[in-house]
Amino acid sequence: MAKKIRQLDPETIRKIAAGEVVERPASIVKELIENSLDAGATTISIAIKNGGIDYIEINDNGEGIDPADLPAALELHATSKLNKIEDLNQILTFGFRGEALATINAAASVEIISATATSPAQRYYQQQLEPAARNQGTTVIVRELFRTIPARRKFLKSAHTEELNIRNIIKQLALANPEISFSYQTDAKPVFDLKPDSLTARAVKLLSGFNQPELIELTTSLNGINLQGIITHPRAAQKRASQFCFVNRRPVRANIVVAAVKKAYGNKIPPELNPGFILNLNLEQTEIDVNVHPRKEEVKFSAEALIFKTVLQAVDQALSTKLRSEFETRFGKAVATSEPRSGVLPGSFTISEPKTSYGKAATNPIAKLAPTELAFKFSEQLSQTAVVKIDSNFSDNSKQYLQIFNTYLLIERQGKLLIIDQHAADERIKYEKFKQQHQQGVVDQTPLLLPIEISLTSSNQANWQILSRELSKLGFSLELKGTDQLKITQVPTLIISKLNFDQLLQSIYNELEAAKLDFSELASKFDRVIATLACHSSIRAGEELPPAKVGKLLADLWQCQNPYTCPHGRPIVNEITKAELEKKFLRIK
Ligand code: ADP
Ligand code: MG
């Protein structure tokens, strides 16, 4: 009956623990490079064989290890970075804390050759210390990983996969330390050889999705947090974008940072795409808890909300600044005029009503005409209605616009033909105005002379109640009567020109419901409500626009924070340069 309890010998325990921590060759490479960085190395070279399973060599020009300390460095819990336990919260190093070398040594065979400024090189291998030759610095060689732990060896992937993992780790560390030289070779073939660089230059070399004109550099100090890095332009967003997060230059997984960046891009990119980024946060050690993951990859912040807010703010600022300045270089600056009038583009165009009236009767008069007639009518149409003079106080020739397909506005600016989607433009304008009013807590609302009562086709009363409450923050006054009647007494002034409030409200409701949105979370999804309202209350495609409305639209668009994309991420403006046209007409090659 006696239970057989067998005490495992310390050596076995050590090997099991080593297998847990040293999961794969890449984790070894990471620890060893971090040791080199901790030792102040400026040049680090890495060579591996067979995916690191047979051989890993890391060579650095750091301060070196004193020969007397070499045996100790391979024993458990030996570290020069931790003298008192209180230091745990202060050290800036994220290693295994005095366990890495010993742990690796339990999982594989480790050889170290090291020289310091004062002591000549020594080799430590298989418990033997002997003189060797090398300059100041350290070489660590790891051979035959898991040879003595076959159970772990089984879990290794193919050499190819392990090599990719290693390559990724080196890339991460090379991005975190662009001023350090890194060279890397696998099975005697060089993979990269990086000299000291700016972060941007290094990113361009290492990451396929990072191309110079698409990169936005970012350095800020916000809320006591110092943040540097690069983000990619919204137009470079990809399904699988490269995203790197560092805390005090150590690669970490930090979902909160990923979420904050994504949120900052918001509707500047379609929801299924992701921005690329490389961000380093400099934090006090007291802000981070790095011990949550055995390999210290996932970082835990004690001030999560602050980190989220800070990253969001910093990225948002960098993006807005970039997009604005880019828009202005491409399409011209909006210069403030002394007297804003309606129908006046600030400082750029003045739209004057044409002498000839082209009211409602003109609605698509071309559609029913034969081709010959069409040609004739078209020129007539051009001179009478479609082309409208815009007085410009710019020296360029942006004097006219043309509305085509009742959907796009064509204007000339700075030697380019701009094609503007009228719906997307108005949507963006309304979206930003609603948002601004909502943020400032002042919404312009207009009471209806005659309140409108509408019958609701969908009668989920609780949801309508929530929606009514949220819409009241945007200027609506809605009153639910019974189960399926809604009384509208006030509407946002921004949409007063829209007449079908019943349709408008019903389609907002339907869209939110179709998106399977939980209405009880509507308040937190406020952007969504604003975007939907903006969409449904905007100028439609197919709507013919009077010049005054075009003038106002263009003027407002030039004032937008993000005049590039509508709240759903679709583009607002496309351009054709004069050169492109000239190429098409073979005027230039
Ligand atoms: P830790 O990095 O947490 O101190 P390690 O087991 O990784 O623990 O390293 C043990 C000690 O060996 C370090 O504290 C350091 O003094 C020394 N060491 C390891 N690698 C290097 C290196 N590349 N250059 C100089 N010293 C090193
Ligand atoms: Mg270490």
# chains A, B, ... in the order shown; residues from 1 in each chain; ligands from 1
>>> residues_around(residues="A:Ala115", least_positions_apart="3", cutoff="9 Å", atoms="only C-alpha atoms", output="PDB file with N, CA, C and O atoms, in the first residue's frame")
ATOM      1  N   GLU A  63      31.552  44.638 -22.217  1.00  0.00           N
ATOM      2  CA  GLU A  63      32.595  44.796 -21.188  1.00  0.00           C
ATOM      3  C   GLU A  63      33.302  43.482 -20.840  1.00  0.00           C
ATOM      4  O   GLU A  63      34.378  43.504 -20.254  1.00  0.00           O
ATOM      5  N   GLY A  64      32.678  42.342 -21.185  1.00  0.00           N
ATOM      6  CA  GLY A  64      33.315  41.065 -20.896  1.00  0.00           C
ATOM      7  C   GLY A  64      33.026  40.560 -19.484  1.00  0.00           C
ATOM      8  O   GLY A  64      32.470  41.288 -18.663  1.00  0.00           O
ATOM      9  N   ILE A  65      33.368  39.299 -19.257  1.00  0.00           N
ATOM     10  CA  ILE A  65      33.156  38.698 -17.931  1.00  0.00           C
ATOM     11  C   ILE A  65      34.516  38.363 -17.344  1.00  0.00           C
ATOM     12  O   ILE A  65      35.380  37.798 -18.019  1.00  0.00           O
ATOM     13  N   ASP A  66      34.691  38.731 -16.127  1.00  0.00           N
ATOM     14  CA  ASP A  66      35.959  38.430 -15.461  1.00  0.00           C
ATOM     15  C   ASP A  66      36.132  36.914 -15.366  1.00  0.00           C
ATOM     16  O   ASP A  66      35.189  36.219 -15.027  1.00  0.00           O
ATOM     17  N   PRO A  67      37.340  36.384 -15.669  1.00  0.00           N
ATOM     18  CA  PRO A  67      37.518  34.924 -15.656  1.00  0.00           C
ATOM     19  C   PRO A  67      37.053  34.285 -14.363  1.00  0.00           C
ATOM     20  O   PRO A  67      36.485  33.200 -14.369  1.00  0.00           O
ATOM     21  N   THR A 118      40.689  44.470 -18.345  1.00  0.00           N
ATOM     22  CA  THR A 118      41.868  44.228 -17.518  1.00  0.00           C
ATOM     23  C   THR A 118      42.364  42.793 -17.540  1.00  0.00           C
ATOM     24  O   THR A 118      43.525  42.537 -17.229  1.00  0.00           O
ATOM     25  N   SER A 119      41.476  41.831 -17.879  1.00  0.00           N
ATOM     26  CA  SER A 119      41.962  40.438 -17.861  1.00  0.00           C
ATOM     27  C   SER A 119      41.902  39.827 -19.250  1.00  0.00           C
ATOM     28  O   SER A 119      40.923  39.999 -19.968  1.00  0.00           O
ATOM     29  N   PRO A 120      42.960  39.094 -19.623  1.00  0.00           N
ATOM     30  CA  PRO A 120      43.007  38.493 -20.955  1.00  0.00           C
ATOM     31  C   PRO A 120      41.960  37.381 -21.101  1.00  0.00           C
ATOM     32  O   PRO A 120      41.404  36.914 -20.122  1.00  0.00           O
ATOM     33  N   ALA A 121      41.758  36.979 -22.349  1.00  0.00           N
ATOM     34  CA  ALA A 121      40.678  36.045 -22.651  1.00  0.00           C
ATOM     35  C   ALA A 121      40.852  34.691 -21.994  1.00  0.00           C
ATOM     36  O   ALA A 121      41.958  34.161 -21.907  1.00  0.00           O
ATOM     37  N   GLN A 122      39.716  34.152 -21.547  1.00  0.00           N
ATOM     38  CA  GLN A 122      39.680  32.801 -20.999  1.00  0.00           C
ATOM     39  C   GLN A 122      38.482  32.091 -21.608  1.00  0.00           C
ATOM     40  O   GLN A 122      37.464  32.704 -21.924  1.00  0.00           O
ATOM     41  N   ALA A 132      42.535  31.698 -23.724  1.00  0.00           N
ATOM     42  CA  ALA A 132      42.077  31.720 -25.118  1.00  0.00           C
ATOM     43  C   ALA A 132      42.519  33.046 -25.722  1.00  0.00           C
ATOM     44  O   ALA A 132      43.220  33.815 -25.073  1.00  0.00           O
ATOM     45  N   ALA A 133      42.129  33.287 -26.974  1.00  0.00           N
ATOM     46  CA  ALA A 133      42.512  34.548 -27.611  1.00  0.00           C
ATOM     47  C   ALA A 133      41.293  35.268 -28.162  1.00  0.00           C
ATOM     48  O   ALA A 133      40.506  34.678 -28.898  1.00  0.00           O
ATOM     49  N   ARG A 134      41.105  36.495 -27.757  1.00  0.00           N
ATOM     50  CA  ARG A 134      40.083  37.356 -28.356  1.00  0.00           C
ATOM     51  C   ARG A 134      40.202  38.751 -27.772  1.00  0.00           C
ATOM     52  O   ARG A 134      40.828  38.962 -26.737  1.00  0.00           O
ATOM     53  N   ASN A 135      39.611  39.717 -28.436  1.00  0.00           N
ATOM     54  CA  ASN A 135      39.580  41.081 -27.902  1.00  0.00           C
ATOM     55  C   ASN A 135      38.527  41.174 -26.813  1.00  0.00           C
ATOM     56  O   ASN A 135      37.758  40.249 -26.604  1.00  0.00           O
ATOM     57  N   GLN A 136      38.457  42.351 -26.192  1.00  0.00           N
ATOM     58  CA  GLN A 136      37.469  42.538 -25.133  1.00  0.00           C
ATOM     59  C   GLN A 136      36.066  42.226 -25.667  1.00  0.00           C
ATOM     60  O   GLN A 136      35.695  42.628 -26.769  1.00  0.00           O
ATOM     61  N   GLY A 137      35.341  41.493 -24.853  1.00  0.00           N
ATOM     62  CA  GLY A 137      33.989  41.121 -25.252  1.00  0.00           C
ATOM     63  C   GLY A 137      33.732  39.668 -24.924  1.00  0.00           C
ATOM     64  O   GLY A 137      34.556  39.024 -24.260  1.00  0.00           O
ATOM     65  N   THR A 138      32.595  39.179 -25.358  1.00  0.00           N
ATOM     66  CA  THR A 138      32.191  37.834 -24.951  1.00  0.00           C
ATOM     67  C   THR A 138      31.633  37.058 -26.134  1.00  0.00           C
ATOM     68  O   THR A 138      30.926  37.615 -26.972  1.00  0.00           O
TER      69      THR A 138
END
>>> residues_around(residues="stretch 161-167 of chain A", least_positions_apart="2", cutoff="8 Å", atoms="only C-alpha atoms", output="list in words")
Arg24, Pro25, Ala26, Ser27, Val29, Asn50, Gly51, Gly52, Leu156, Lys157, Ser158, Ala159, Ile169, Ile170, Lys171 and Thr186 of chain A
>>> closest_residue(among="A:Arg528, A:Leu417, A:Glu31, A:Thr232", to="ligand 1", atoms="only C-alpha atoms and all ligand atoms")
A:Glu31
>>> closest_residue(among="A:Gln422, A:Asn168, A:Ser524, A:Thr532", to="A:Lys552", atoms="only C-alpha atoms")
A:Gln422
>>> atom_distance(atom1="atom CA of A:Asn255", atom2="atom CA of A:Pro271")
17.3 Å
>>> residues_around(residues="A:Glu23", least_positions_apart="6", cutoff="10 Å", atoms="only C-alpha atoms", output="list in words")
Ala107, Phe146, Arg152, Arg153, Phe155, Leu156 and Arg295 of chain A
>>> atom_distance(atom1="atom CA of A:Asp54", atom2="atom CA of A:Arg143")
5.4 Å
>>> atom_distance(atom1="atom CA of A:Ala531", atom2="atom CA of A:Lys487")
22.9 Å
>>> residues_around(residues="A:Gly276", least_positions_apart="6", cutoff="10 Å", atoms="only C-alpha atoms", output="JSON, numbers by chain")
{"A": [207, 209, 210, 215, 230, 231, 232, 233, 234, 236, 237, 238, 239, 240, 241, 242, 243, 244, 258, 261, 262]}
>>> closest_residue(among="A:Asp556, A:Asp484, A:Glu34, A:Glu521", to="ligand 2", atoms="only C-alpha atoms and all ligand atoms")
A:Glu34
>>> residues_around(residues="A:Gln485", least_positions_apart="4", cutoff="8 Å", atoms="only C-alpha atoms", output="list in words")
Glu453, Ile454, Ser455, Leu456, Leu480 and Lys481 of chain A
>>> write_last_selection(atoms="N, CA and C atoms", output="PDB file, in the first residue's frame")
ATOM      1  N   GLU A 453     -44.414  62.953 -35.864  1.00  0.00           N
ATOM      2  CA  GLU A 453     -44.607  61.654 -35.198  1.00  0.00           C
ATOM      3  C   GLU A 453     -44.434  60.560 -36.226  1.00  0.00           C
ATOM      4  N   ILE A 454     -43.607  59.606 -35.885  1.00  0.00           N
ATOM      5  CA  ILE A 454     -43.406  58.543 -36.873  1.00  0.00           C
ATOM      6  C   ILE A 454     -43.732  57.188 -36.270  1.00  0.00           C
ATOM      7  N   SER A 455     -44.101  56.269 -37.140  1.00  0.00           N
ATOM      8  CA  SER A 455     -44.360  54.891 -36.708  1.00  0.00           C
ATOM      9  C   SER A 455     -43.084  54.096 -36.931  1.00  0.00           C
ATOM     10  N   LEU A 456     -42.722  53.360 -35.903  1.00  0.00           N
ATOM     11  CA  LEU A 456     -41.494  52.590 -36.030  1.00  0.00           C
ATOM     12  C   LEU A 456     -41.801  51.223 -36.602  1.00  0.00           C
ATOM     13  N   LEU A 480     -40.399  58.643 -27.032  1.00  0.00           N
ATOM     14  CA  LEU A 480     -41.015  57.379 -27.416  1.00  0.00           C
ATOM     15  C   LEU A 480     -42.436  57.346 -26.868  1.00  0.00           C
ATOM     16  N   LYS A 481     -43.383  57.091 -27.752  1.00  0.00           N
ATOM     17  CA  LYS A 481     -44.774  57.039 -27.283  1.00  0.00           C
ATOM     18  C   LYS A 481     -45.324  55.657 -27.586  1.00  0.00           C
TER      19      LYS A 481
END
>>> residues_around(residues="stretch 504-508 of chain A", least_positions_apart="2", cutoff="8 Å", atoms="only C-alpha atoms", output="PyMOL selection string")
chain A and resi 456-457+500-502+510-512+529+532-533+536-537
>>> select_by_dssp(residues="stretch 181-218 of chain A", states="strand (DSSP E or B)", output="PyMOL selection string")
chain A and resi 181-186+189-194+215-218
>>> write_last_selection(atoms="all heavy atoms", output="CSV table (one decimal), in the first residue's frame")
chain,number,residue,atom,x,y,z
A,181,SER,N,25.3,47.7,-34.1
A,181,SER,CA,25.5,46.9,-35.3
A,181,SER,C,25.1,45.5,-35.0
A,181,SER,O,25.5,44.9,-34.0
A,181,SER,CB,27.0,46.9,-35.7
A,181,SER,OG,27.4,48.2,-36.1
A,182,PHE,N,24.3,44.9,-35.9
A,182,PHE,CA,23.9,43.5,-35.8
A,182,PHE,C,24.3,42.8,-37.1
A,182,PHE,O,24.0,43.2,-38.2
A,182,PHE,CB,22.4,43.4,-35.6
A,182,PHE,CG,21.9,43.6,-34.3
A,182,PHE,CD1,21.6,44.9,-33.9
A,182,PHE,CD2,21.8,42.6,-33.3
A,182,PHE,CE1,21.1,45.2,-32.6
A,182,PHE,CE2,21.3,42.9,-32.1
A,182,PHE,CZ,21.0,44.2,-31.7
A,183,SER,N,25.0,41.6,-37.0
A,183,SER,CA,25.1,40.8,-38.2
A,183,SER,C,24.6,39.4,-37.9
A,183,SER,O,24.7,39.0,-36.7
A,183,SER,CB,26.5,40.8,-38.7
A,183,SER,OG,27.3,40.1,-37.8
A,184,TYR,N,24.0,38.8,-38.8
A,184,TYR,CA,23.4,37.5,-38.6
A,184,TYR,C,23.7,36.6,-39.7
A,184,TYR,O,23.5,36.9,-40.9
A,184,TYR,CB,21.9,37.7,-38.4
A,184,TYR,CG,21.1,36.5,-38.4
A,184,TYR,CD1,21.4,35.4,-37.5
A,184,TYR,CD2,19.9,36.3,-39.1
A,184,TYR,CE1,20.7,34.2,-37.5
A,184,TYR,CE2,19.2,35.2,-39.1
A,184,TYR,CZ,19.5,34.1,-38.3
A,184,TYR,OH,18.8,33.0,-38.2
A,185,GLN,N,24.1,35.4,-39.4
A,185,GLN,CA,24.2,34.4,-40.5
A,185,GLN,C,23.7,33.0,-40.0
A,185,GLN,O,23.8,32.7,-38.9
A,185,GLN,CB,25.6,34.3,-41.0
A,185,GLN,CG,26.7,33.8,-40.0
A,185,GLN,CD,28.0,33.6,-40.6
A,185,GLN,OE1,28.5,34.4,-41.4
A,185,GLN,NE2,28.6,32.4,-40.4
A,186,THR,N,23.1,32.3,-41.0
A,186,THR,CA,22.6,31.0,-40.7
A,186,THR,C,23.2,30.0,-41.7
A,186,THR,O,23.3,30.3,-42.8
A,186,THR,CB,21.1,31.0,-40.7
A,186,THR,OG1,20.6,29.6,-40.7
A,186,THR,CG2,20.5,31.6,-42.0
A,189,LYS,N,25.5,31.2,-44.2
A,189,LYS,CA,25.1,32.2,-45.2
A,189,LYS,C,24.7,33.5,-44.5
A,189,LYS,O,23.9,33.5,-43.5
A,189,LYS,CB,23.8,31.7,-46.0
A,189,LYS,CG,24.2,30.6,-47.0
A,189,LYS,CD,23.0,30.2,-47.8
A,189,LYS,CE,21.8,29.6,-47.0
A,189,LYS,NZ,22.1,28.2,-46.5
A,190,PRO,N,25.2,34.7,-44.9
A,190,PRO,CA,24.9,35.9,-44.3
A,190,PRO,C,23.4,36.3,-44.6
A,190,PRO,O,22.9,36.1,-45.7
A,190,PRO,CB,25.8,37.0,-44.9
A,190,PRO,CG,26.5,36.3,-46.0
A,190,PRO,CD,26.2,34.8,-46.0
A,191,VAL,N,22.6,36.7,-43.5
A,191,VAL,CA,21.2,37.1,-43.7
A,191,VAL,C,21.2,38.6,-43.7
A,191,VAL,O,20.6,39.2,-44.6
A,191,VAL,CB,20.3,36.5,-42.6
A,191,VAL,CG1,18.9,36.9,-42.8
A,191,VAL,CG2,20.5,35.0,-42.6
A,192,PHE,N,21.7,39.2,-42.7
A,192,PHE,CA,21.9,40.7,-42.7
A,192,PHE,C,23.1,41.2,-42.0
A,192,PHE,O,23.6,40.5,-41.1
A,192,PHE,CB,20.6,41.5,-42.3
A,192,PHE,CG,19.9,41.0,-41.1
A,192,PHE,CD1,20.4,41.1,-39.8
A,192,PHE,CD2,18.7,40.4,-41.2
A,192,PHE,CE1,19.8,40.7,-38.7
A,192,PHE,CE2,18.0,39.9,-40.1
A,192,PHE,CZ,18.5,40.1,-38.9
A,193,ASP,N,23.5,42.4,-42.3
A,193,ASP,CA,24.7,43.0,-41.7
A,193,ASP,C,24.3,44.4,-41.5
A,193,ASP,O,24.4,45.2,-42.5
A,193,ASP,CB,25.9,42.8,-42.7
A,193,ASP,CG,27.2,43.2,-42.0
A,193,ASP,OD1,27.1,43.6,-40.8
A,193,ASP,OD2,28.2,43.3,-42.7
A,194,LEU,N,23.9,44.8,-40.3
A,194,LEU,CA,23.3,46.1,-40.1
A,194,LEU,C,24.3,47.0,-39.4
A,194,LEU,O,24.8,46.7,-38.3
A,194,LEU,CB,22.0,46.0,-39.3
A,194,LEU,CG,20.9,45.1,-39.9
A,194,LEU,CD1,19.9,44.8,-38.8
A,194,LEU,CD2,20.3,45.8,-41.1
A,215,LEU,N,6.3,56.4,-43.9
A,215,LEU,CA,6.6,56.3,-42.5
A,215,LEU,C,6.4,57.7,-41.8
A,215,LEU,O,6.8,58.7,-42.3
A,215,LEU,CB,8.0,55.8,-42.3
A,215,LEU,CG,8.2,54.4,-42.9
A,215,LEU,CD1,9.6,53.9,-42.6
A,215,LEU,CD2,7.2,53.4,-42.4
A,216,ILE,N,5.8,57.6,-40.7
A,216,ILE,CA,5.6,58.9,-39.9
A,216,ILE,C,6.4,58.7,-38.6
A,216,ILE,O,6.1,57.8,-37.8
A,216,ILE,CB,4.1,59.1,-39.6
A,216,ILE,CG1,3.3,59.1,-40.9
A,216,ILE,CG2,3.9,60.3,-38.8
A,216,ILE,CD1,1.8,59.0,-40.7
A,217,GLU,N,7.3,59.6,-38.4
A,217,GLU,CA,8.1,59.5,-37.1
A,217,GLU,C,7.4,60.2,-36.0
A,217,GLU,O,6.7,61.1,-36.2
A,217,GLU,CB,9.5,60.1,-37.4
A,217,GLU,CG,10.3,59.3,-38.3
A,217,GLU,CD,11.7,59.9,-38.6
A,217,GLU,OE1,12.1,60.9,-37.9
A,217,GLU,OE2,12.4,59.3,-39.4
A,218,LEU,N,7.7,59.7,-34.8
A,218,LEU,CA,6.9,60.2,-33.7
A,218,LEU,C,7.8,60.2,-32.5
A,218,LEU,O,8.5,59.3,-32.2
A,218,LEU,CB,5.8,59.2,-33.6
A,218,LEU,CG,4.7,59.2,-32.5
A,218,LEU,CD1,3.6,58.3,-33.1
A,218,LEU,CD2,5.2,58.6,-31.2
>>> select_by_dssp(residues="stretch 398-535 of chain A", states="alpha helix (DSSP H)", output="ChimeraX atom specification")
/A:422-440,461-472,501-514,526-535
>>> closest_residue(among="A:Lys416, A:Lys268, A:Lys516, A:Lys300", to="A:Gln561", atoms="only C-alpha atoms")
A:Lys268
>>> decode(residues="stretch 47-69 of chain A", atoms="N, CA, C and O atoms", output="mmCIF file, in the first residue's frame")
data_model
loop_
_atom_site.group_PDB
_atom_site.id
_atom_site.type_symbol
_atom_site.label_atom_id
_atom_site.label_comp_id
_atom_site.auth_asym_id
_atom_site.auth_seq_id
_atom_site.Cartn_x
_atom_site.Cartn_y
_atom_site.Cartn_z
ATOM 1 N N ALA A 47 25.558 33.770 -35.171
ATOM 2 C CA ALA A 47 25.653 32.733 -36.199
ATOM 3 C C ALA A 47 24.954 31.496 -35.670
ATOM 4 O O ALA A 47 25.128 31.129 -34.502
ATOM 5 N N ILE A 48 24.150 30.883 -36.478
ATOM 6 C CA ILE A 48 23.474 29.664 -36.036
ATOM 7 C C ILE A 48 23.619 28.564 -37.086
ATOM 8 O O ILE A 48 23.963 28.843 -38.239
ATOM 9 N N LYS A 49 23.368 27.329 -36.648
ATOM 10 C CA LYS A 49 23.341 26.218 -37.606
ATOM 11 C C LYS A 49 22.105 25.383 -37.336
ATOM 12 O O LYS A 49 21.718 25.208 -36.169
ATOM 13 N N ASN A 50 21.522 24.893 -38.384
ATOM 14 C CA ASN A 50 20.346 24.011 -38.292
ATOM 15 C C ASN A 50 19.257 24.597 -37.386
ATOM 16 O O ASN A 50 18.813 23.965 -36.432
ATOM 17 N N GLY A 51 18.847 25.817 -37.691
ATOM 18 C CA GLY A 51 17.770 26.455 -36.924
ATOM 19 C C GLY A 51 18.129 26.706 -35.472
ATOM 20 O O GLY A 51 17.253 26.906 -34.629
ATOM 21 N N GLY A 52 19.435 26.711 -35.169
ATOM 22 C CA GLY A 52 19.863 26.979 -33.803
ATOM 23 C C GLY A 52 19.865 25.723 -32.938
ATOM 24 O O GLY A 52 20.315 25.744 -31.793
ATOM 25 N N ILE A 53 19.354 24.639 -33.466
ATOM 26 C CA ILE A 53 19.254 23.405 -32.669
ATOM 27 C C ILE A 53 20.656 22.825 -32.441
ATOM 28 O O ILE A 53 21.000 22.381 -31.355
ATOM 29 N N ASP A 54 21.481 22.871 -33.485
ATOM 30 C CA ASP A 54 22.838 22.335 -33.348
ATOM 31 C C ASP A 54 23.815 23.344 -32.762
ATOM 32 O O ASP A 54 24.709 22.985 -32.003
ATOM 33 N N TYR A 55 23.609 24.617 -33.125
ATOM 34 C CA TYR A 55 24.670 25.575 -32.822
ATOM 35 C C TYR A 55 24.139 27.017 -32.806
ATOM 36 O O TYR A 55 23.448 27.431 -33.732
ATOM 37 N N ILE A 56 24.472 27.728 -31.735
ATOM 38 C CA ILE A 56 24.183 29.162 -31.665
ATOM 39 C C ILE A 56 25.434 29.850 -31.146
ATOM 40 O O ILE A 56 25.994 29.431 -30.121
ATOM 41 N N GLU A 57 25.867 30.874 -31.844
ATOM 42 C CA GLU A 57 27.040 31.614 -31.362
ATOM 43 C C GLU A 57 26.705 33.103 -31.357
ATOM 44 O O GLU A 57 26.268 33.649 -32.363
ATOM 45 N N ILE A 58 26.924 33.732 -30.184
ATOM 46 C CA ILE A 58 26.704 35.176 -30.089
ATOM 47 C C ILE A 58 28.021 35.802 -29.664
ATOM 48 O O ILE A 58 28.609 35.400 -28.668
ATOM 49 N N ASN A 59 28.427 36.763 -30.430
ATOM 50 C CA ASN A 59 29.730 37.357 -30.203
ATOM 51 C C ASN A 59 29.531 38.862 -30.006
ATOM 52 O O ASN A 59 28.868 39.504 -30.818
ATOM 53 N N ASP A 60 30.079 39.418 -28.893
ATOM 54 C CA ASP A 60 29.864 40.860 -28.699
ATOM 55 C C ASP A 60 31.150 41.567 -28.300
ATOM 56 O O ASP A 60 32.153 40.929 -27.975
ATOM 57 N N ASN A 61 31.139 42.900 -28.358
ATOM 58 C CA ASN A 61 32.289 43.680 -27.911
ATOM 59 C C ASN A 61 31.973 44.419 -26.611
ATOM 60 O O ASN A 61 32.409 45.534 -26.406
ATOM 61 N N GLY A 62 31.179 43.766 -25.765
ATOM 62 C CA GLY A 62 30.795 44.382 -24.494
ATOM 63 C C GLY A 62 31.913 44.359 -23.469
ATOM 64 O O GLY A 62 33.059 44.049 -23.788
ATOM 65 N N GLU A 63 31.552 44.638 -22.217
ATOM 66 C CA GLU A 63 32.595 44.796 -21.188
ATOM 67 C C GLU A 63 33.302 43.482 -20.840
ATOM 68 O O GLU A 63 34.378 43.504 -20.254
ATOM 69 N N GLY A 64 32.678 42.342 -21.185
ATOM 70 C CA GLY A 64 33.315 41.065 -20.896
ATOM 71 C C GLY A 64 33.026 40.560 -19.484
ATOM 72 O O GLY A 64 32.470 41.288 -18.663
ATOM 73 N N ILE A 65 33.368 39.299 -19.257
ATOM 74 C CA ILE A 65 33.156 38.698 -17.931
ATOM 75 C C ILE A 65 34.516 38.363 -17.344
ATOM 76 O O ILE A 65 35.380 37.798 -18.019
ATOM 77 N N ASP A 66 34.691 38.731 -16.127
ATOM 78 C CA ASP A 66 35.959 38.430 -15.461
ATOM 79 C C ASP A 66 36.132 36.914 -15.366
ATOM 80 O O ASP A 66 35.189 36.219 -15.027
ATOM 81 N N PRO A 67 37.340 36.384 -15.669
ATOM 82 C CA PRO A 67 37.518 34.924 -15.656
ATOM 83 C C PRO A 67 37.053 34.285 -14.363
ATOM 84 O O PRO A 67 36.485 33.200 -14.369
ATOM 85 N N ALA A 68 37.290 34.980 -13.258
ATOM 86 C CA ALA A 68 36.901 34.419 -11.961
ATOM 87 C C ALA A 68 35.395 34.226 -11.884
ATOM 88 O O ALA A 68 34.902 33.377 -11.140
ATOM 89 N N ASP A 69 34.649 35.019 -12.665
ATOM 90 C CA ASP A 69 33.189 34.936 -12.607
ATOM 91 C C ASP A 69 32.609 33.949 -13.609
ATOM 92 O O ASP A 69 31.420 33.650 -13.565
#
